[in-house]
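Enquirer: Data file coords_2.pdb (PDB, C-alpha atoms) is appended below.
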ATOM      1  CA  MET A  15      -8.308 189.943 142.867
ATOM      2  CA  VAL A  16      -9.782 193.425 142.553
ATOM      3  CA  ILE A  17     -13.294 193.588 141.148
ATOM      4  CA  ASP A  18     -15.151 196.855 141.477
ATOM      5  CA  THR A  19     -18.920 197.200 141.599
ATOM      6  CA  LEU A  20     -18.941 199.545 138.608
ATOM      7  CA  SER A  21     -17.492 196.808 136.382
ATOM      8  CA  ILE A  22     -20.158 194.429 137.654
ATOM      9  CA  GLN A  23     -22.949 196.934 137.014
ATOM     10  CA  TYR A  24     -21.678 197.578 133.494
ATOM     11  CA  PHE A  25     -21.442 193.859 132.769
ATOM     12  CA  LEU A  26     -24.976 193.248 134.059
ATOM     13  CA  GLU A  27     -26.340 195.977 131.804
ATOM     14  CA  VAL A  28     -24.590 194.520 128.759
ATOM     15  CA  ALA A  29     -25.981 191.088 129.647
ATOM     16  CA  LYS A  30     -29.443 192.611 130.063
ATOM     17  CA  TYR A  31     -29.517 194.470 126.733
ATOM     18  CA  LEU A  32     -27.126 192.186 124.794
ATOM     19  CA  ASN A  33     -25.776 195.422 123.369
ATOM     20  CA  PHE A  34     -22.899 197.644 124.517
ATOM     21  CA  THR A  35     -24.402 200.839 123.097
ATOM     22  CA  LYS A  36     -27.808 200.292 124.729
ATOM     23  CA  ALA A  37     -26.103 199.467 128.027
ATOM     24  CA  ALA A  38     -24.008 202.632 127.764
ATOM     25  CA  ASN A  39     -27.091 204.731 127.031
ATOM     26  CA  ALA A  40     -28.964 203.207 129.976
ATOM     27  CA  LEU A  41     -26.048 204.030 132.294
ATOM     28  CA  TYR A  42     -25.323 207.447 130.745
ATOM     29  CA  VAL A  43     -21.723 206.562 129.966
ATOM     30  CA  SER A  44     -19.747 206.073 126.772
ATOM     31  CA  GLN A  45     -19.692 202.761 124.966
ATOM     32  CA  PRO A  46     -15.864 202.529 125.168
ATOM     33  CA  ALA A  47     -16.090 202.955 128.956
ATOM     34  CA  ILE A  48     -18.451 199.978 129.122
ATOM     35  CA  SER A  49     -16.151 197.908 126.902
ATOM     36  CA  ARG A  50     -13.081 198.707 129.021
ATOM     37  CA  LYS A  51     -14.830 197.850 132.306
ATOM     38  CA  VAL A  52     -16.224 194.554 130.991
ATOM     39  CA  ALA A  53     -12.810 193.614 129.573
ATOM     40  CA  ALA A  54     -11.184 194.437 132.930
ATOM     41  CA  LEU A  55     -13.777 192.288 134.712
ATOM     42  CA  GLU A  56     -13.102 189.390 132.354
ATOM     43  CA  LYS A  57      -9.372 189.734 132.995
ATOM     44  CA  GLU A  58      -9.912 189.649 136.784
ATOM     45  CA  LEU A  59     -12.228 186.637 136.527
ATOM     46  CA  GLY A  60      -9.894 184.825 134.153
ATOM     47  CA  CYS A  61     -12.629 183.959 131.670
ATOM     48  CA  PHE A  62     -14.564 185.538 128.839
ATOM     49  CA  LEU A  63     -18.112 186.636 129.521
ATOM     50  CA  ILE A  64     -18.886 187.942 126.046
ATOM     51  CA  ASP A  65     -17.990 186.460 122.688
ATOM     52  CA  ARG A  66     -16.371 189.303 120.767
ATOM     53  CA  THR A  67     -15.968 187.433 117.490
ATOM     54  CA  SER A  68     -19.401 188.353 116.206
ATOM     55  CA  LYS A  69     -21.072 191.713 115.606
ATOM     56  CA  THR A  70     -23.822 190.795 118.028
ATOM     57  CA  VAL A  71     -23.292 190.281 121.737
ATOM     58  CA  VAL A  72     -23.206 186.605 122.581
ATOM     59  CA  LEU A  73     -22.871 185.645 126.228
ATOM     60  CA  THR A  74     -20.595 182.752 127.075
ATOM     61  CA  PRO A  75     -21.726 179.796 129.214
ATOM     62  CA  ALA A  76     -19.868 181.275 132.231
ATOM     63  CA  VAL A  77     -22.195 184.276 132.235
ATOM     64  CA  LYS A  78     -25.205 182.614 133.858
ATOM     65  CA  ALA A  79     -23.335 181.693 137.026
ATOM     66  CA  PHE A  80     -21.710 185.116 137.316
ATOM     67  CA  GLN A  81     -24.878 186.983 136.373
ATOM     68  CA  ASP A  82     -26.922 185.391 139.167
ATOM     69  CA  PHE A  83     -24.100 185.775 141.690
ATOM     70  CA  PHE A  84     -23.371 189.415 140.809
ATOM     71  CA  THR A  85     -27.052 190.360 140.838
ATOM     72  CA  LYS A  86     -27.495 188.897 144.314
ATOM     73  CA  MET A  87     -24.208 190.387 145.522
ATOM     74  CA  LEU A  88     -25.145 193.929 144.434
ATOM     75  CA  SER A  89     -28.596 193.555 145.968
ATOM     76  CA  ASP A  90     -27.094 192.338 149.249
ATOM     77  CA  LEU A  91     -24.578 195.185 149.188
ATOM     78  CA  ASP A  92     -27.354 197.751 148.657
ATOM     79  CA  ASP A  93     -29.309 196.233 151.556
ATOM     80  CA  MET A  94     -26.273 196.355 153.842
ATOM     81  CA  VAL A  95     -25.470 199.964 152.952
ATOM     82  CA  TYR A  96     -29.096 200.900 153.655
ATOM     83  CA  LYS A  97     -29.040 199.139 157.049
ATOM     84  CA  VAL A  98     -25.769 200.758 158.097
ATOM     85  CA  ARG A  99     -27.026 204.196 157.064
ATOM     86  CA  GLU A 100     -30.193 203.637 159.078
ATOM     87  CA  MET A 101     -28.128 202.671 162.125
ATOM     88  CA  ASN A 102     -26.051 205.824 161.767
ATOM     89  CA  TYR A 103     -29.129 208.025 161.367
ATOM     90  CA  GLU A 104     -30.518 206.623 164.611
ATOM     91  CA  LYS A 105     -27.380 207.744 166.415
ATOM     92  CA  ALA A 106     -26.901 211.079 164.663
ATOM     93  CA  GLY A 107     -27.608 214.203 166.629
ATOM     94  CA  LYS A 108     -26.344 216.794 169.009
ATOM     95  CA  VAL A 109     -26.299 217.029 172.789
ATOM     96  CA  ASN A 110     -25.954 220.406 174.456
ATOM     97  CA  ILE A 111     -24.702 220.469 178.030
ATOM     98  CA  GLY A 112     -24.832 223.659 180.006
ATOM     99  CA  VAL A 113     -22.639 224.280 183.039
ATOM    100  CA  PHE A 114     -22.317 227.315 185.224
ATOM    101  CA  GLN A 115     -19.300 229.444 184.588
ATOM    102  CA  GLY A 116     -16.612 228.870 187.169
ATOM    103  CA  TRP A 117     -17.636 225.319 188.064
ATOM    104  CA  ASP A 118     -14.895 222.815 187.379
ATOM    105  CA  PHE A 119     -16.242 219.389 186.450
ATOM    106  CA  SER A 120     -13.205 218.424 184.361
ATOM    107  CA  SER A 121     -11.907 215.606 186.549
ATOM    108  CA  GLU A 122     -15.298 213.848 186.764
ATOM    109  CA  PHE A 123     -16.758 214.940 183.475
ATOM    110  CA  ARG A 124     -13.872 214.221 181.065
ATOM    111  CA  PRO A 125     -13.969 210.368 181.436
ATOM    112  CA  MET A 126     -17.762 210.397 180.934
ATOM    113  CA  MET A 127     -17.403 212.508 177.784
ATOM    114  CA  GLN A 128     -14.695 210.247 176.373
ATOM    115  CA  LYS A 129     -16.813 207.155 176.954
ATOM    116  CA  PHE A 130     -19.872 208.836 175.427
ATOM    117  CA  ARG A 131     -17.905 209.933 172.339
ATOM    118  CA  SER A 132     -16.464 206.452 171.814
ATOM    119  CA  GLU A 133     -19.912 204.829 171.991
ATOM    120  CA  TYR A 134     -21.829 207.488 170.056
ATOM    121  CA  GLU A 135     -19.457 208.764 167.385
ATOM    122  CA  ASN A 136     -22.216 210.442 165.382
ATOM    123  CA  ILE A 137     -23.506 212.566 168.221
ATOM    124  CA  ALA A 138     -21.887 215.943 168.676
ATOM    125  CA  LEU A 139     -21.334 217.212 172.206
ATOM    126  CA  ASN A 140     -21.541 220.920 172.876
ATOM    127  CA  ILE A 141     -20.608 222.213 176.309
ATOM    128  CA  ASP A 142     -21.720 225.732 177.038
ATOM    129  CA  THR A 143     -20.894 227.981 179.936
ATOM    130  CA  ASN A 144     -23.562 230.624 180.018
ATOM    131  CA  THR A 145     -22.217 233.989 181.079
ATOM    132  CA  LYS A 146     -25.647 235.602 181.362
ATOM    133  CA  LYS A 147     -27.266 235.969 184.759
ATOM    134  CA  ILE A 148     -30.201 233.629 185.159
ATOM    135  CA  CYS A 149     -31.612 235.436 188.173
ATOM    136  CA  SER A 150     -30.611 238.532 189.968
ATOM    137  CA  ALA A 151     -30.736 239.609 193.571
ATOM    138  CA  ASP A 152     -32.219 243.029 192.693
TER
END
Mind converting the file's structure to structure tokens?
Expert:
Amino acid sequence: MVIDTLSIQYFLEVAKYLNFTKAANALYVSQPAISRKVAALEKELGCFLIDRTSKTVVLTPAVKAFQDFFTKMLSDLDDMVYKVREMNYEKAGKVNIGVFQGWDFSSEFRPMMQKFRSEYENIALNIDTNTKKICSAD
């Protein structure tokens, strides 16, 4: 079963307005696009959600169960996406590491870098060898 969130959103708007054209206007899409998505959703669910025999939109008895479920599901999905984005923002950043030119830390440093990168995928590591003199013996 493949049900996409766009089909669910379109269906919920039609159920809200009881009108395909008003739902399409609210979502800034064409009315045929709404009709196709709702029909595809009905096909995936194996039941009709809207009675198409009349000129007005009449919701079938199955709608109430799906409407409540889909509303909660989309809300939960939005919450989860928000939480995951927040977790990623906490880890996002950049670490600059400066080493003196000519010093070879590769054998000790490489395993630490690999571990760091695997644990903190959203943090960029920048290793810089500064070629400028920091102090002079003049």
Enquirer: So what does the PyMOL selection byres ((chain A and resi 63-80) around 8) actually pick up in this one, as an mmCIF file with C-alpha atoms, in the coordinates of the input?
Expert:
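After the write, selection.cif holds the following:
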data_model
loop_
_atom_site.group_PDB
_atom_site.id
_atom_site.type_symbol
_atom_site.label_atom_id
_atom_site.label_comp_id
_atom_site.auth_asym_id
_atom_site.auth_seq_id
_atom_site.Cartn_x
_atom_site.Cartn_y
_atom_site.Cartn_z
ATOM 1 C CA ALA A 29 -25.981 191.088 129.647
ATOM 2 C CA LEU A 32 -27.126 192.186 124.794
ATOM 3 C CA ASN A 33 -25.776 195.422 123.369
ATOM 4 C CA PHE A 34 -22.899 197.644 124.517
ATOM 5 C CA GLU A 56 -13.102 189.390 132.354
ATOM 6 C CA CYS A 61 -12.629 183.959 131.670
ATOM 7 C CA PHE A 62 -14.564 185.538 128.839
ATOM 8 C CA GLN A 81 -24.878 186.983 136.373
ATOM 9 C CA ASP A 82 -26.922 185.391 139.167
ATOM 10 C CA PHE A 83 -24.100 185.775 141.690
ATOM 11 C CA PHE A 84 -23.371 189.415 140.809
#
Enquirer: Quick one: distance from atom CA of A:Glu100 to atom CA of A:Thr19 in Å, one decimal?
Expert: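 For atom CA of A:Glu100 relative to atom CA of A:Thr19, the distance reads 21.8 Å.
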Enquirer: Return the single residue from A:Leu139, A:Val28, A:Leu55, A:Ile48 that is closest to A:Ile111, with distances computed using all atoms listed in the file.
Expert: A:Leu139
Enquirer: Using only C-alpha atoms for the distances, tell me which of A:Gln128, A:Glu122, A:Ser49, A:Asn110 is nearest to A:Asn140.
Expert: A:Asn110
Enquirer: Given the choices A:Tyr24, A:Asp18, A:Tyr134, A:Arg124, which gets closest to A:Glu58 if the distance is worked out from all atoms listed in the file?
Expert: A:Asp18
Enquirer: Apply the PyMOL selection byres ((chain A and resi 17) around 12) to the structure shown and report the selected residues as a list in words.
Expert: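 On the file shown, the PyMOL selection byres ((chain A and resi 17) around 12) covers Met15, Val16, Asp18, Thr19, Leu20, Ser21, Ile22, Gln23, Phe25, Lys51, Val52, Ala53, Ala54, Leu55, Glu56, Lys57, Glu58, Leu59, Gly60 and Phe84 of chain A.
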Enquirer: Distance atom CA of A:Ser44-atom CA of A:Tyr31, one decimal place?
Expert: 15.2 Å
